[in-house]
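Trainee: Structure below; questions to follow.
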Amino acid sequence: MTGSLFSSAMALRPVDADDACHVFDGELNEHWTIGPKVHGGVMVALCANAARTAHGGDALQPVAVSANFLSAPDPGAMRLVTTLRKRGRRISVVDVELMQGERTAVHAVVTLGEPEHHLPGETAPLLSANPVVDLMAPQPPDDLAPIGPGHPLAGLVHLGAGCDIRPVLSSLPVAGKPLPDGRPPVIQMWARPRDLAPDALFALMCGDLSAPVTFAVERTGWAPTVQLTALLRSLPVDGWLRIIATCVEIGHDWFDEDHIVVDELGRLVVQTRQLAMVPAG
């Protein structure tokens with residue numbers, strides 16, 4: 001199914017352009033939803049692609065995306081309106097509005113630059129506190145089931161046709177079974193697209209891939225993200241991406257959720273932090 005592929009979800013059709021503003025049409029169909037609404041991470045990736053394309057599709061990548069979610073669109077046609085705020089030699093900034101009809105769903109500010117370089121004979125980072133490498137193997141265990149028909153998360157997460165997503169269910173409370181002793185969740189999952197090697201845009205989407213950490217306190221309803229900031233630290237190599245999702249505090253009204261995304265070589269690829277609303281009890 002072509003419409004289920006990640007490359008199709010990221011496809012943009014130019015509509016209008018001038019020196020500062022570019023307009024594109026895109027579509028996010030039912031394969032890119034959480035419940036009935038379009039997945040937030042794929043909207044972040046599409047905004048990043050619009051900014052990069054409007055800038056000229058050169059070597060610059062979306063190294064930071066700050067996204068405010070203003071409404072939750074239904075699957076279907078989207079329009080993306082970009083405005084160039086700064087064109088620099090190393091850093092450029094593009095505003096993006098993702099719209100459905102006359103309503104803006106996402107307002108994003110995308111910073112374009114060059115992520116961390118990885119060259120032959122490279123040295124290790126000057127400092128690293130990446131927890132994923134010690135926690136997760138480069139590839140998922142053979143017996144870890146992908147999200148698809150019959151999976152406990154299949155009714156909520158509909159990305160399985162375009163992505164191979166393998167969550168560790170023992171780290172994600174399901175069916176009303178919270179983690180013991182009230183300890184905070186460290187949700188683990190592996191993911192890769194089905195039609196191509198993971199790239200910057202897929203990695204950005206993975207920065208919002210986990211089910212809400214509020215599952216740990218038996219709040220499993222709709223948890224709308226209000227603001228998400230994503231950092232693209234480096235470009236992934238071909239293979240599985242490893243993802244952990246954690247939080248600092250789940251309040252009665254608000255919760256935070258952090259994602260760390262690492263590639264098969266153990267390189268830090270994406271970091272995200274979001275502020276979201278706690279589902280009703």
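We label chains A, B, ... in the order they appear in the structure tokens, count residues from 1 in each chain, and number ligands from 1 in the order shown.
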Report the closest atom pair, with its distance in Å rounded to one decimal, for each residue of stretch 2-71 of chain A that has an atom no farther than 6 Å from stretch 110-121 of chain A; count only C-alpha atoms, sort by chain and then rising residue number, and write it as a Markdown table.

Mentor:
```
| residue | atom | partner | partner_atom | distance |
| --- | --- | --- | --- | --- |
| A:Leu60 | CA | A:Gly113 | CA | 4.7 |
| A:Gln61 | CA | A:Leu112 | CA | 5.1 |
| A:Pro62 | CA | A:Leu112 | CA | 4.5 |
| A:Val63 | CA | A:Leu112 | CA | 5.6 |
| A:Ala64 | CA | A:Thr111 | CA | 5.1 |
| A:Val65 | CA | A:Val110 | CA | 4.6 |
```

Trainee: Write out as a tab-separated table (two decimals) with N, CA and C atoms, in the first residue's frame which residues come within 9 Å of A:Ala77 when counting only C-alpha atoms, dropping same-chain ones fewer than 2 positions away.

Mentor:
```tsv
chain	number	residue	atom	x	y	z
A	25	ASP	N	1.42	21.17	-0.52
A	25	ASP	CA	0.35	20.26	-0.12
A	25	ASP	C	0.95	18.90	0.21
A	26	GLY	N	0.37	18.25	1.20
A	26	GLY	CA	0.76	16.90	1.57
A	26	GLY	C	-0.45	16.14	2.05
A	27	GLU	N	-0.25	14.89	2.44
A	27	GLU	CA	-1.36	14.09	2.95
A	27	GLU	C	-0.84	13.11	3.98
A	28	LEU	N	-1.52	13.05	5.11
A	28	LEU	CA	-1.25	12.06	6.15
A	28	LEU	C	-2.53	11.26	6.33
A	29	ASN	N	-2.51	10.02	5.86
A	29	ASN	CA	-3.74	9.23	5.84
A	29	ASN	C	-3.90	8.42	7.13
A	74	ASP	N	-7.68	15.48	11.52
A	74	ASP	CA	-8.08	14.16	11.07
A	74	ASP	C	-7.17	13.73	9.92
A	75	PRO	N	-7.07	12.45	9.65
A	75	PRO	CA	-6.29	12.03	8.48
A	75	PRO	C	-6.86	12.63	7.20
A	79	ARG	N	-1.98	21.28	4.30
A	79	ARG	CA	-1.25	22.35	3.60
A	79	ARG	C	-0.18	22.88	4.54
A	99	MET	N	-1.59	23.14	8.17
A	99	MET	CA	-3.00	23.50	8.22
A	99	MET	C	-3.86	22.40	7.62
A	100	GLN	N	-5.07	22.30	8.13
A	100	GLN	CA	-6.10	21.46	7.52
A	100	GLN	C	-7.31	22.35	7.31
A	101	GLY	N	-7.65	22.59	6.06
A	101	GLY	CA	-8.68	23.59	5.77
A	101	GLY	C	-8.19	24.96	6.18
```

Trainee: Compile a residue-level contact table for stretch 133-221 of chain A against stretch 46-54 of chain A at a cut-off of 10 Å, reporting for every qualifying residue the shortest atom pair and its distance in Å to one decimal, with only C-alpha atoms counted, rows ordered by chain and ascending number, as a Markdown table.

Mentor:
```
| residue | atom | partner | partner_atom | distance |
| --- | --- | --- | --- | --- |
| A:Ala200 | CA | A:Ala48 | CA | 9.2 |
| A:Leu201 | CA | A:Asn49 | CA | 7.0 |
| A:Phe202 | CA | A:Leu46 | CA | 9.7 |
| A:Leu204 | CA | A:Ala48 | CA | 8.6 |
| A:Met205 | CA | A:Leu46 | CA | 8.9 |
```

Trainee: Could you write out that same residue set with C-alpha atoms as a PDB file, in the first residue's frame?

Mentor:
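Listing of selection11.pdb after writing:
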```pdb
ATOM      1  CA  ALA A 200      16.577  12.567   9.684  1.00  0.00           C
ATOM      2  CA  LEU A 201      12.814  12.834   9.212  1.00  0.00           C
ATOM      3  CA  PHE A 202      12.068   9.304  10.412  1.00  0.00           C
ATOM      4  CA  LEU A 204      12.418  13.021  14.292  1.00  0.00           C
ATOM      5  CA  MET A 205       9.142  11.109  14.115  1.00  0.00           C
TER       6      MET A 205
END
```

Trainee: Measure the distance from atom CA of A:Ile187 to atom CA of A:Val213 in Å and round it to one decimal.

Mentor: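 Answer for the atom CA of A:Ile187 to atom CA of A:Val213 separation: 7.7 Å.
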
Trainee: I want to know what sits within 8 Å of stretch 106-109 of chain A, based on only C-alpha atoms, with residues of the same chain fewer than 5 positions away left out; could you give that as a list in words?

Mentor: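 Counting only the stated atoms, we get Met43, Val44, Cys47, Val65, Ser66, Ala67, Asn68, Phe69, Leu70, Ser71, Val93, Val94, Asp95, Val96, Glu97, Leu98 and Met99 of chain A.
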
Trainee: Applying 6 Å and only C-alpha atoms, which residues near stretch 32-36 of chain A remain after dropping the ones on its own chain fewer than 3 positions away? List them as a PyMOL selection string.

Mentor: chain A and resi 29+39+156-159

Trainee: Selected residues, N, CA, C and O atoms, written as an mmCIF file, in the first residue's frame, please.

Mentor:
```cif
data_model
loop_
_atom_site.group_PDB
_atom_site.id
_atom_site.type_symbol
_atom_site.label_atom_id
_atom_site.label_comp_id
_atom_site.auth_asym_id
_atom_site.auth_seq_id
_atom_site.Cartn_x
_atom_site.Cartn_y
_atom_site.Cartn_z
ATOM 1 N N ASN A 29 -2.506 10.022 5.862
ATOM 2 C CA ASN A 29 -3.740 9.228 5.842
ATOM 3 C C ASN A 29 -3.896 8.423 7.126
ATOM 4 O O ASN A 29 -3.182 8.619 8.104
ATOM 5 N N HIS A 39 -0.839 11.354 13.986
ATOM 6 C CA HIS A 39 0.273 11.217 14.925
ATOM 7 C C HIS A 39 1.108 12.491 14.973
ATOM 8 O O HIS A 39 1.501 13.032 13.935
ATOM 9 N N LEU A 156 -4.552 1.182 19.025
ATOM 10 C CA LEU A 156 -4.209 2.573 19.303
ATOM 11 C C LEU A 156 -3.221 3.121 18.291
ATOM 12 O O LEU A 156 -3.388 4.222 17.762
ATOM 13 N N VAL A 157 -2.170 2.356 18.019
ATOM 14 C CA VAL A 157 -1.081 2.791 17.140
ATOM 15 C C VAL A 157 -1.284 2.169 15.766
ATOM 16 O O VAL A 157 -1.258 0.947 15.624
ATOM 17 N N HIS A 158 -1.477 3.022 14.755
ATOM 18 C CA HIS A 158 -1.811 2.543 13.411
ATOM 19 C C HIS A 158 -0.652 2.702 12.431
ATOM 20 O O HIS A 158 -0.867 2.680 11.224
ATOM 21 N N LEU A 159 0.559 2.855 12.940
ATOM 22 C CA LEU A 159 1.721 3.099 12.090
ATOM 23 C C LEU A 159 2.382 1.817 11.603
ATOM 24 O O LEU A 159 3.369 1.858 10.880
#
```

Trainee: I'd like the neighbourhood of A:Glu249 as a PyMOL selection string, where a residue qualifies if any of its atoms comes within 10 Å (using only C-alpha atoms), though same-chain residues fewer than 4 positions away should be ignored.

Mentor: chain A and resi 184+213-214+254-257

Trainee: Atoms to include: N, CA, C and O atoms. Write the selected residues as a PDB file, in the first residue's frame.

Mentor:
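This is the output file result-v1.pdb:
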```pdb
ATOM      1  N   PRO A 184       9.020   5.181  38.052  1.00  0.00           N
ATOM      2  CA  PRO A 184       8.726   5.858  36.780  1.00  0.00           C
ATOM      3  C   PRO A 184       8.998   4.946  35.597  1.00  0.00           C
ATOM      4  O   PRO A 184       9.875   4.067  35.655  1.00  0.00           O
ATOM      5  N   VAL A 213       3.612   8.153  28.643  1.00  0.00           N
ATOM      6  CA  VAL A 213       4.122   7.609  29.903  1.00  0.00           C
ATOM      7  C   VAL A 213       3.049   7.569  30.985  1.00  0.00           C
ATOM      8  O   VAL A 213       3.226   6.895  32.002  1.00  0.00           O
ATOM      9  N   THR A 214       1.926   8.242  30.767  1.00  0.00           N
ATOM     10  CA  THR A 214       0.837   8.206  31.749  1.00  0.00           C
ATOM     11  C   THR A 214       0.206   6.822  31.871  1.00  0.00           C
ATOM     12  O   THR A 214      -0.547   6.568  32.818  1.00  0.00           O
ATOM     13  N   TRP A 254      -0.675  18.175  34.059  1.00  0.00           N
ATOM     14  CA  TRP A 254       0.365  18.190  33.046  1.00  0.00           C
ATOM     15  C   TRP A 254       1.377  17.078  33.310  1.00  0.00           C
ATOM     16  O   TRP A 254       1.606  16.686  34.445  1.00  0.00           O
ATOM     17  N   PHE A 255       1.999  16.598  32.231  1.00  0.00           N
ATOM     18  CA  PHE A 255       3.147  15.704  32.376  1.00  0.00           C
ATOM     19  C   PHE A 255       4.175  16.021  31.303  1.00  0.00           C
ATOM     20  O   PHE A 255       3.858  16.610  30.260  1.00  0.00           O
ATOM     21  N   ASP A 256       5.413  15.669  31.603  1.00  0.00           N
ATOM     22  CA  ASP A 256       6.490  15.785  30.625  1.00  0.00           C
ATOM     23  C   ASP A 256       6.836  14.399  30.103  1.00  0.00           C
ATOM     24  O   ASP A 256       6.580  13.390  30.772  1.00  0.00           O
ATOM     25  N   GLU A 257       7.393  14.357  28.911  1.00  0.00           N
ATOM     26  CA  GLU A 257       7.853  13.083  28.335  1.00  0.00           C
ATOM     27  C   GLU A 257       9.071  13.357  27.477  1.00  0.00           C
ATOM     28  O   GLU A 257       9.051  14.250  26.621  1.00  0.00           O
TER      29      GLU A 257
END
```

Trainee: Using only C-alpha atoms for the distances, tell me which of A:Gln188, A:Leu172, A:Ile91, A:Val38 is nearest to A:Ala105.

Mentor: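 Of A:Gln188, A:Leu172, A:Ile91, A:Val38, the one nearest A:Ala105 is A:Val38, counting only C-alpha atoms.
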
Trainee: Got a sec to tell me which of stretch 32-279 of chain A DSSP assigns to alpha helix (DSSP H), as a PyMOL selection string?

Mentor: chain A and resi 40-55+132-135+200-206

Trainee: Neighbouring residues of stretch 234-241 of chain A were defined as those with any atom within 8 Å, considering only C-alpha atoms; residues of the same chain fewer than 4 positions away were excluded. Please report them as JSON, numbers by chain.

Mentor: {"A": [115, 116, 117, 138, 139, 190, 191, 192, 197, 198, 199, 200, 203, 261, 262, 263, 264, 265, 267, 268, 269, 270]}

Trainee: I'd like to know which of A:Pro14, A:Gly160, A:Gly281, A:Gly150 is closest to A:Arg219, using only C-alpha atoms.

Mentor: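 Among A:Pro14, A:Gly160, A:Gly281, A:Gly150, it is A:Gly281 that comes nearest to A:Arg219.
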